[in-house]
$ cat protein24.pdb   # PDB, C-alpha atoms
ATOM      1  CA  THR W   1     100.769  12.280 -43.573
ATOM      2  CA  LEU W   2     103.982  10.972 -45.126
ATOM      3  CA  GLU W   3     105.964  13.139 -47.540
ATOM      4  CA  VAL W   4     107.983  11.448 -50.284
ATOM      5  CA  THR W   5     110.758  13.752 -51.485
ATOM      6  CA  PRO W   6     113.215  11.857 -53.692
ATOM      7  CA  ILE W   7     116.735  13.186 -53.266
ATOM      8  CA  TYR W   8     120.303  11.911 -53.606
ATOM      9  CA  GLY W   9     121.117   8.421 -52.415
ATOM     10  CA  VAL W  10     123.267   7.323 -49.514
ATOM     11  CA  LYS W  11     127.011   7.377 -50.280
ATOM     12  CA  GLY W  12     128.391   3.857 -50.436
ATOM     13  CA  ASN W  13     124.947   2.394 -51.146
ATOM     14  CA  GLU W  14     124.691   3.350 -54.841
ATOM     15  CA  ALA W  15     124.033  -0.285 -55.822
ATOM     16  CA  ASN W  16     120.587   0.103 -54.243
ATOM     17  CA  ASP W  17     119.668   3.364 -56.001
ATOM     18  CA  ILE W  18     116.389   3.211 -57.904
ATOM     19  CA  PRO W  19     116.129   5.647 -60.844
ATOM     20  CA  TYR W  20     113.436   8.264 -60.292
ATOM     21  CA  LEU W  21     110.044   7.417 -61.859
ATOM     22  CA  SER W  22     111.384   4.146 -63.285
ATOM     23  CA  PRO W  23     109.008   1.149 -63.199
ATOM     24  CA  LYS W  24     110.777  -0.134 -60.062
ATOM     25  CA  TRP W  25     110.559   3.298 -58.397
ATOM     26  CA  MET W  26     106.854   3.494 -59.219
ATOM     27  CA  LYS W  27     106.327   0.000 -57.793
ATOM     28  CA  MET W  28     107.981   1.057 -54.535
ATOM     29  CA  LEU W  29     105.816   4.202 -54.399
ATOM     30  CA  ASP W  30     102.717   2.082 -55.023
ATOM     31  CA  ILE W  31     103.654  -0.183 -52.112
ATOM     32  CA  ALA W  32     104.141   2.855 -49.863
ATOM     33  CA  CYS W  33     100.769   4.295 -50.942
ATOM     34  CA  ARG W  34      98.929   1.013 -50.369
ATOM     35  CA  LYS W  35     100.555   0.414 -46.983
ATOM     36  CA  GLY W  36      99.880   4.021 -46.011
ATOM     37  CA  ALA W  37      96.208   3.761 -46.965
ATOM     38  CA  LYS W  38      95.910   0.554 -44.949
ATOM     39  CA  HIS W  39      97.144   2.405 -41.858
ATOM     40  CA  GLY W  40      95.365   5.730 -42.473
ATOM     41  CA  ILE W  41      98.490   7.541 -43.643
ATOM     42  CA  ARG W  42      98.157   9.908 -46.594
ATOM     43  CA  ILE W  43     101.141   9.907 -48.972
ATOM     44  CA  GLU W  44     102.210  13.241 -50.509
ATOM     45  CA  LEU W  45     104.723  13.339 -53.374
ATOM     46  CA  ASN W  46     107.148  16.135 -54.151
ATOM     47  CA  ASN W  47     107.101  16.564 -57.936
ATOM     48  CA  GLY W  48     110.834  17.023 -58.180
ATOM     49  CA  THR W  49     114.070  15.459 -57.172
ATOM     50  CA  GLY W  50     116.164  17.807 -55.165
ATOM     51  CA  TRP W  51     115.598  21.524 -55.599
ATOM     52  CA  PRO W  52     114.221  23.181 -57.615
ATOM     53  CA  PHE W  53     112.584  20.790 -60.024
ATOM     54  CA  GLY W  54     114.019  19.852 -63.394
ATOM     55  CA  GLY W  55     115.944  16.849 -64.615
ATOM     56  CA  PRO W  56     117.347  14.908 -67.553
ATOM     57  CA  ASP W  57     114.394  15.624 -69.863
ATOM     58  CA  VAL W  58     114.783  19.411 -69.555
ATOM     59  CA  THR W  59     116.370  20.755 -72.732
ATOM     60  CA  LYS W  60     118.190  24.079 -72.943
ATOM     61  CA  GLU W  61     115.068  25.413 -74.675
ATOM     62  CA  ASP W  62     112.917  24.507 -71.648
ATOM     63  CA  ALA W  63     115.527  25.399 -68.999
ATOM     64  CA  ALA W  64     115.419  28.385 -66.626
ATOM     65  CA  LYS W  65     116.264  31.710 -68.298
ATOM     66  CA  LYS W  66     117.693  35.078 -67.349
ATOM     67  CA  ALA W  67     117.675  38.501 -68.999
ATOM     68  CA  VAL W  68     120.983  40.087 -69.944
ATOM     69  CA  PHE W  69     120.736  43.749 -70.946
ATOM     70  CA  ARG W  70     123.610  45.169 -72.938
ATOM     71  CA  ARG W  71     124.121  48.853 -73.782
ATOM     72  CA  VAL W  72     125.536  49.616 -77.219
ATOM     73  CA  ALA W  73     126.828  53.161 -77.529
ATOM     74  CA  LYS W  74     125.846  55.132 -80.621
ATOM     75  CA  PRO W  75     127.522  58.269 -81.934
ATOM     76  CA  GLU W  76     127.159  61.250 -79.615
ATOM     77  CA  GLY W  77     123.649  62.642 -79.521
ATOM     78  CA  ALA W  78     122.059  59.558 -81.081
ATOM     79  CA  GLY W  79     121.337  57.820 -77.769
ATOM     80  CA  ASP W  80     122.364  54.338 -76.783
ATOM     81  CA  THR W  81     120.702  51.122 -77.862
ATOM     82  CA  ILE W  82     119.755  48.605 -75.217
ATOM     83  CA  ILE W  83     119.904  44.987 -76.366
ATOM     84  CA  LEU W  84     118.113  42.212 -74.529
ATOM     85  CA  GLU W  85     119.753  38.815 -74.669
ATOM     86  CA  ILE W  86     118.002  35.813 -73.162
ATOM     87  CA  ALA W  87     120.402  33.287 -71.679
ATOM     88  CA  ASN W  88     120.043  29.997 -69.846
ATOM     89  CA  THR W  89     120.946  30.121 -66.178
ATOM     90  CA  MET W  90     122.430  26.620 -66.565
ATOM     91  CA  GLN W  91     121.285  25.936 -63.006
ATOM     92  CA  LYS W  92     121.124  22.229 -62.239
ATOM     93  CA  VAL W  93     118.868  20.398 -59.820
ATOM     94  CA  LYS W  94     120.564  20.433 -56.418
ATOM     95  CA  ARG W  95     120.652  17.141 -54.484
ATOM     96  CA  ALA W  96     118.881  15.285 -57.292
ATOM     97  CA  ALA W  97     117.684  11.732 -56.821
ATOM     98  CA  PRO W  98     119.310   9.055 -58.991
ATOM     99  CA  GLY W  99     117.871   9.567 -62.475
ATOM    100  CA  GLY W 100     116.664  13.082 -61.636
ATOM    101  CA  GLU W 101     119.838  14.994 -62.437
ATOM    102  CA  GLY W 102     119.742  17.766 -65.016
ATOM    103  CA  LEU W 103     118.821  21.364 -65.760
ATOM    104  CA  VAL W 104     116.186  23.290 -63.809
ATOM    105  CA  VAL W 105     113.015  23.825 -65.836
ATOM    106  CA  ASP W 106     111.781  27.324 -66.770
ATOM    107  CA  HIS W 107     109.165  27.689 -64.021
ATOM    108  CA  LEU W 108     107.783  30.785 -65.781
ATOM    109  CA  ASP W 109     106.944  28.998 -69.049
ATOM    110  CA  LYS W 110     103.647  27.119 -69.198
ATOM    111  CA  GLY W 111     104.864  24.853 -72.014
ATOM    112  CA  ALA W 112     108.117  23.942 -70.257
ATOM    113  CA  VAL W 113     106.337  23.163 -66.980
ATOM    114  CA  GLY W 114     103.696  21.161 -68.889
ATOM    115  CA  MET W 115     106.440  19.133 -70.561
ATOM    116  CA  TYR W 116     108.071  18.510 -67.186
ATOM    117  CA  LEU W 117     104.815  17.426 -65.528
ATOM    118  CA  SER W 118     103.848  15.157 -68.458
ATOM    119  CA  LYS W 119     106.462  12.630 -67.317
ATOM    120  CA  PHE W 120     104.336  12.093 -64.197
ATOM    121  CA  ASP W 121     101.266  11.390 -66.331
ATOM    122  CA  SER W 122     103.296   8.850 -68.273
ATOM    123  CA  ALA W 123     104.905   7.184 -65.231
ATOM    124  CA  PHE W 124     101.620   6.866 -63.314
ATOM    125  CA  SER W 125      99.753   5.670 -66.407
ATOM    126  CA  LYS W 126     102.369   2.998 -67.218
ATOM    127  CA  ALA W 127     102.331   1.844 -63.578
ATOM    128  CA  GLY W 128      98.518   1.719 -63.562
ATOM    129  CA  MET W 129      98.489   3.922 -60.463
ATOM    130  CA  ALA W 130      96.368   6.836 -59.371
ATOM    131  CA  PHE W 131      98.188  10.020 -58.427
ATOM    132  CA  PRO W 132      98.732  10.594 -54.724
ATOM    133  CA  GLU W 133      96.228  12.949 -53.149
ATOM    134  CA  VAL W 134      98.891  15.673 -53.020
ATOM    135  CA  LEU W 135     101.645  16.514 -55.527
ATOM    136  CA  PHE W 136     103.702  19.559 -54.586
ATOM    137  CA  SER W 137     106.963  21.391 -54.928
ATOM    138  CA  ASP W 138     108.440  22.786 -51.760
ATOM    139  CA  SER W 139     111.317  24.827 -53.081
ATOM    140  CA  TYR W 140     111.863  27.396 -55.810
ATOM    141  CA  GLU W 141     115.499  28.477 -55.545
ATOM    142  CA  LEU W 142     115.654  29.785 -59.100
ATOM    143  CA  TYR W 143     118.969  31.555 -58.829
ATOM    144  CA  GLY W 144     119.186  34.225 -61.506
ATOM    145  CA  ALA W 145     116.051  33.034 -63.322
ATOM    146  CA  ASP W 146     114.160  36.220 -64.088
ATOM    147  CA  TRP W 147     112.956  35.783 -67.659
ATOM    148  CA  THR W 148     111.030  33.538 -70.004
ATOM    149  CA  PRO W 149     110.795  33.820 -73.806
ATOM    150  CA  THR W 150     107.106  34.820 -73.710
ATOM    151  CA  LEU W 151     107.504  37.548 -71.062
ATOM    152  CA  LEU W 152     107.372  40.552 -73.414
ATOM    153  CA  GLU W 153     104.241  39.252 -75.165
ATOM    154  CA  GLU W 154     102.548  38.376 -71.853
ATOM    155  CA  PHE W 155     103.423  41.761 -70.412
ATOM    156  CA  TYR W 156     101.863  43.526 -73.404
ATOM    157  CA  ASN W 157      98.715  41.353 -73.274
ATOM    158  CA  ARG W 158      98.248  42.004 -69.551
ATOM    159  CA  ARG W 159      99.370  45.645 -69.257
ATOM    160  CA  GLY W 160      98.602  47.082 -72.688
ATOM    161  CA  TYR W 161     102.012  48.591 -73.405
ATOM    162  CA  ARG W 162     105.346  47.278 -74.570
ATOM    163  CA  LEU W 163     107.971  46.830 -71.872
ATOM    164  CA  GLU W 164     110.721  46.905 -74.477
ATOM    165  CA  ASP W 165     109.868  50.563 -75.171
ATOM    166  CA  HIS W 166     111.141  51.314 -71.640
ATOM    167  CA  TYR W 167     114.474  49.444 -71.472
ATOM    168  CA  LYS W 168     116.419  52.687 -71.260
ATOM    169  CA  GLU W 169     114.452  53.740 -68.185
ATOM    170  CA  PHE W 170     115.309  50.467 -66.438
ATOM    171  CA  THR W 171     118.981  50.437 -67.356
ATOM    172  CA  ASP W 172     119.573  54.085 -66.359
ATOM    173  CA  MET W 173     118.386  53.460 -62.787
TER     174      MET W 173
END

$ encode --input "protein24.pdb" --output "C-alpha coordinates"
Amino acid sequence: TLEVTPIYGVKGNEANDIPYLSPKWMKMLDIACRKGAKHGIRIELNNGTGWPFGGPDVTKEDAAKKAVFRRVAKPEGAGDTIILEIANTMQKVKRAAPGGEGLVVDHLDKGAVGMYLSKFDSAFSKAGMAFPEVLFSDSYELYGADWTPTLLEEFYNRRGYRLEDHYKEFTDM
(Lines of atoms letter the chains of each structure in order from A and count residues from 1; the text may use other names and numbers.)
(Lines give C-alpha, C1' and ligand atoms only; values in the text may rest on other atoms or scores of the structure.)
Protein backbone atom coordinates (compact mmCIF):
# COMPACT_ATOMS: atom_id res chain seq x y z
CA THR A 1 0.00 0.00 0.00
CA LEU A 2 1.17 3.52 -0.84
CA GLU A 3 -0.33 6.52 0.95
CA VAL A 4 -0.55 9.83 -0.90
CA THR A 5 -0.77 12.71 1.57
CA PRO A 6 -0.27 16.04 -0.19
CA ILE A 7 1.49 18.53 2.06
CA TYR A 8 3.73 21.58 1.70
CA GLY A 9 6.42 21.56 -0.95
CA VAL A 10 10.18 21.50 -0.55
CA LYS A 11 11.69 24.92 0.23
CA GLY A 12 13.72 26.18 -2.70
CA ASN A 13 11.85 23.93 -5.14
CA GLU A 14 8.63 25.98 -5.42
CA ALA A 15 8.97 26.15 -9.22
CA ASN A 16 8.04 22.45 -9.28
CA ASP A 17 4.97 22.74 -7.04
CA ILE A 18 1.80 21.32 -8.58
CA PRO A 19 -1.44 22.87 -7.28
CA TYR A 20 -3.57 20.35 -5.40
CA LEU A 21 -6.28 18.66 -7.51
CA SER A 22 -5.29 20.67 -10.60
CA PRO A 23 -5.39 18.81 -13.94
CA LYS A 24 -1.60 18.30 -13.74
CA TRP A 25 -1.85 17.03 -10.14
CA MET A 26 -4.60 14.61 -11.16
CA LYS A 27 -2.49 13.39 -14.08
CA MET A 28 0.41 12.67 -11.72
CA LEU A 29 -1.93 10.81 -9.34
CA ASP A 30 -3.29 8.80 -12.27
CA ILE A 31 0.24 7.80 -13.25
CA ALA A 32 0.97 6.73 -9.67
CA CYS A 33 -2.26 4.71 -9.53
CA ARG A 34 -1.59 2.97 -12.85
CA LYS A 35 2.03 2.19 -11.98
CA GLY A 36 0.95 0.98 -8.55
CA ALA A 37 -1.70 -1.32 -10.01
CA LYS A 38 0.86 -2.73 -12.44
CA HIS A 39 3.09 -3.70 -9.51
CA GLY A 40 0.34 -4.79 -7.09
CA ILE A 41 0.53 -1.65 -4.97
CA ARG A 42 -2.74 -0.15 -3.75
CA ILE A 43 -2.81 3.66 -3.69
CA GLU A 44 -4.64 5.38 -0.80
CA LEU A 45 -5.37 9.12 -0.91
CA ASN A 46 -5.67 11.45 2.05
CA ASN A 47 -8.63 13.73 1.31
CA GLY A 48 -6.90 16.81 2.62
CA THR A 49 -3.75 18.78 2.31
CA GLY A 50 -2.03 19.14 5.60
CA TRP A 51 -4.11 18.88 8.75
CA PRO A 52 -7.00 19.00 9.32
CA PHE A 53 -8.75 19.24 5.99
CA GLY A 54 -10.04 22.47 4.50
CA GLY A 55 -8.68 24.80 1.87
CA PRO A 56 -9.29 27.76 -0.43
CA ASP A 57 -12.91 26.83 -1.21
CA VAL A 58 -13.94 26.87 2.46
CA THR A 59 -15.91 30.04 3.17
CA LYS A 60 -16.34 31.53 6.63
CA GLU A 61 -19.87 30.11 6.55
CA ASP A 62 -18.51 26.57 6.06
CA ALA A 63 -15.46 26.98 8.33
CA ALA A 64 -14.96 25.37 11.75
CA LYS A 65 -17.01 26.99 14.53
CA LYS A 66 -16.83 27.46 18.28
CA ALA A 67 -19.39 28.39 20.94
CA VAL A 68 -18.85 31.54 22.96
CA PHE A 69 -21.15 31.88 25.97
CA ARG A 70 -21.55 35.34 27.43
CA ARG A 71 -23.32 36.18 30.70
CA VAL A 72 -25.34 39.39 30.75
CA ALA A 73 -26.23 40.53 34.25
CA LYS A 74 -29.81 41.61 34.89
CA PRO A 75 -31.06 43.67 37.82
CA GLU A 76 -30.74 41.89 41.16
CA GLY A 77 -33.17 39.04 41.57
CA ALA A 78 -34.00 38.81 37.86
CA GLY A 79 -31.30 36.24 37.06
CA ASP A 80 -28.64 36.52 34.41
CA THR A 81 -29.10 35.95 30.70
CA ILE A 82 -26.72 33.63 28.93
CA ILE A 83 -26.06 34.53 25.30
CA LEU A 84 -24.63 32.05 22.83
CA GLU A 85 -22.49 33.50 20.08
CA ILE A 86 -21.19 31.26 17.31
CA ALA A 87 -17.78 32.30 16.04
CA ASN A 88 -15.35 30.96 13.47
CA THR A 89 -12.22 29.41 14.90
CA MET A 90 -10.30 30.90 11.94
CA GLN A 91 -8.07 27.82 12.07
CA LYS A 92 -6.15 27.31 8.85
CA VAL A 93 -4.93 24.08 7.30
CA LYS A 94 -1.51 23.32 8.78
CA ARG A 95 1.24 22.28 6.34
CA ALA A 96 -1.07 22.65 3.35
CA ALA A 97 -0.01 21.49 -0.09
CA PRO A 98 0.36 24.17 -2.78
CA GLY A 99 -3.19 25.16 -3.71
CA GLY A 100 -4.63 23.62 -0.53
CA GLU A 101 -4.19 26.57 1.80
CA GLY A 102 -7.21 28.02 3.57
CA LEU A 103 -9.68 27.67 6.42
CA VAL A 104 -10.48 24.35 8.09
CA VAL A 105 -13.94 23.09 7.17
CA ASP A 106 -16.68 22.61 9.80
CA HIS A 107 -16.28 18.85 10.28
CA LEU A 108 -19.55 18.78 12.25
CA ASP A 109 -21.71 20.16 9.43
CA LYS A 110 -22.92 17.70 6.81
CA GLY A 111 -23.42 20.44 4.20
CA ALA A 112 -19.96 21.94 4.72
CA VAL A 113 -18.25 18.54 4.51
CA GLY A 114 -20.34 17.68 1.43
CA MET A 115 -19.24 20.91 -0.23
CA TYR A 116 -15.61 20.14 0.62
CA LEU A 117 -15.80 16.57 -0.73
CA SER A 118 -17.60 17.66 -3.93
CA LYS A 119 -14.31 19.08 -5.25
CA PHE A 120 -13.01 15.50 -5.36
CA ASP A 121 -16.01 14.40 -7.43
CA SER A 122 -15.30 17.25 -9.82
CA ALA A 123 -11.53 16.69 -10.04
CA PHE A 124 -11.84 12.93 -10.61
CA SER A 125 -14.68 13.38 -13.10
CA LYS A 126 -12.76 16.00 -15.13
CA ALA A 127 -9.67 13.76 -15.12
CA GLY A 128 -11.74 10.75 -16.21
CA MET A 129 -10.35 8.77 -13.27
CA ALA A 130 -11.88 6.36 -10.81
CA PHE A 131 -11.42 7.15 -7.14
CA PRO A 132 -8.63 5.29 -5.37
CA GLU A 133 -9.80 2.29 -3.38
CA VAL A 134 -9.28 4.25 -0.16
CA LEU A 135 -9.90 7.95 0.58
CA PHE A 136 -9.26 8.92 4.19
CA SER A 137 -8.40 11.67 6.61
CA ASP A 138 -5.80 10.85 9.21
CA SER A 139 -5.96 13.89 11.44
CA TYR A 140 -8.65 15.94 13.13
CA GLU A 141 -6.85 18.62 15.14
CA LEU A 142 -9.87 20.90 15.33
CA TYR A 143 -8.51 23.31 17.89
CA GLY A 144 -11.39 25.06 19.61
CA ALA A 145 -14.00 23.74 17.17
CA ASP A 146 -16.87 22.65 19.39
CA TRP A 147 -19.98 23.90 17.62
CA THR A 148 -21.90 23.87 14.37
CA PRO A 149 -24.92 26.02 13.44
CA THR A 150 -27.30 23.03 13.45
CA LEU A 151 -26.21 21.66 16.84
CA LEU A 152 -29.18 22.93 18.87
CA GLU A 153 -31.70 21.57 16.36
CA GLU A 154 -29.88 18.22 16.10
CA PHE A 155 -29.66 17.95 19.86
CA TYR A 156 -33.41 18.52 20.20
CA ASN A 157 -34.23 16.00 17.43
CA ARG A 158 -32.02 13.33 19.02
CA ARG A 159 -32.60 13.96 22.74
CA GLY A 160 -36.10 15.43 22.85
CA TYR A 161 -35.31 18.53 24.90
CA ARG A 162 -33.78 21.90 24.20
CA LEU A 163 -30.17 22.32 25.26
CA GLU A 164 -30.56 26.09 25.26
CA ASP A 165 -32.98 25.76 28.21
CA HIS A 166 -29.98 24.58 30.27
CA TYR A 167 -27.26 27.14 29.45
CA LYS A 168 -27.29 28.47 33.00
CA GLU A 169 -26.55 25.01 34.37
CA PHE A 170 -23.51 24.68 32.10
CA THR A 171 -22.12 28.14 32.74
CA ASP A 172 -22.49 27.92 36.54
CA MET A 173 -20.29 24.80 36.72

$ residues_around --input "protein24.pdb" --residues "region 28-35 of chain W" --least-positions-apart "5" --cutoff "8 Å" --atoms "only C-alpha atoms" --output "JSON, numbers by chain"
{"W": [42, 43, 129, 132]}

$ residues_near_point --input "protein24.pdb" --point "(93.8, 16.8, -53.5)" --cutoff "12 Å" --atoms "all atoms listed in the file" --output "PyMOL selection string"
chain W and resi 42-45+130-136

$ closest_residue --input "protein24.pdb" --among "W:Gly114, W:Gly36, W:Pro98, W:Gly128" --to "Asn13 (chain W)" --atoms "only C-alpha atoms"
W:Pro98

$ residues_around --input "protein24.pdb" --residues "Gly54 (chain W)" --least-positions-apart "5" --cutoff "9 Å" --atoms "all atoms listed in the file" --output "ChimeraX atom specification"
/W:48-49,63,92-93,100-106,116

$ resolve_selection --input "protein24.pdb" --expression "the PyMOL selection byres ((chain W and resi 21) around 10)" --output "VMD selection string"
chain W and resid 6 18 to 20 22 to 29 98 to 100 119 to 120 122 to 124 127

$ axis_aligned_box --input "protein24.pdb" --around "region 118-128 of chain W" --padding-each-side "5 Å" --output "lines of an AutoDock Vina configuration file"
center_x = 102.5
center_y = 8.4
center_z = -65.9
size_x = 17.9
size_y = 23.4
size_z = 15.1

$ atom_distance --input "protein24.pdb" --atom1 "CA of His39 (chain W)" --atom2 "CA of Gly9 (chain W)"
26.9 Å

$ resolve_selection --input "protein24.pdb" --expression "the PyMOL selection byres ((chain W and resi 50-52) around 6)" --output "list in words"
Ile7, Thr49, Phe53, Val93, Lys94, Arg95, Ala96, Ser139, Tyr140 and Glu141 of chain W

$ resolve_selection --input "protein24.pdb" --expression "the PyMOL selection byres ((chain W and resi 66) around 12)" --output "JSON, numbers by chain"
{"W": [63, 64, 65, 67, 68, 69, 84, 85, 86, 87, 88, 89, 90, 91, 106, 107, 108, 142, 143, 144, 145, 146, 147, 148, 149, 151]}

$ atom_distance --input "protein24.pdb" --atom1 "CA of Thr5 (chain W)" --atom2 "CA of Met115 (chain W)"
20.3 Å

$ atom_distance --input "protein24.pdb" --atom1 "CA of Arg70 (chain W)" --atom2 "CA of Ile82 (chain W)"
5.6 Å

$ closest_residue --input "protein24.pdb" --among "W:Ala97, W:Gly77, W:Tyr156, W:Lys60" --to "Ala112 (chain W)" --atoms "all atoms listed in the file"
W:Lys60

$ closest_residue --input "protein24.pdb" --among "W:Val113, W:Arg159, W:Asn16, W:Leu2" --to "Asp57 (chain W)" --atoms "all atoms listed in the file"
W:Val113

$ closest_residue --input "protein24.pdb" --among "W:Glu61, W:Pro75, W:Ser125, W:Leu152" --to "Gly111 (chain W)" --atoms "all atoms listed in the file"
W:Glu61
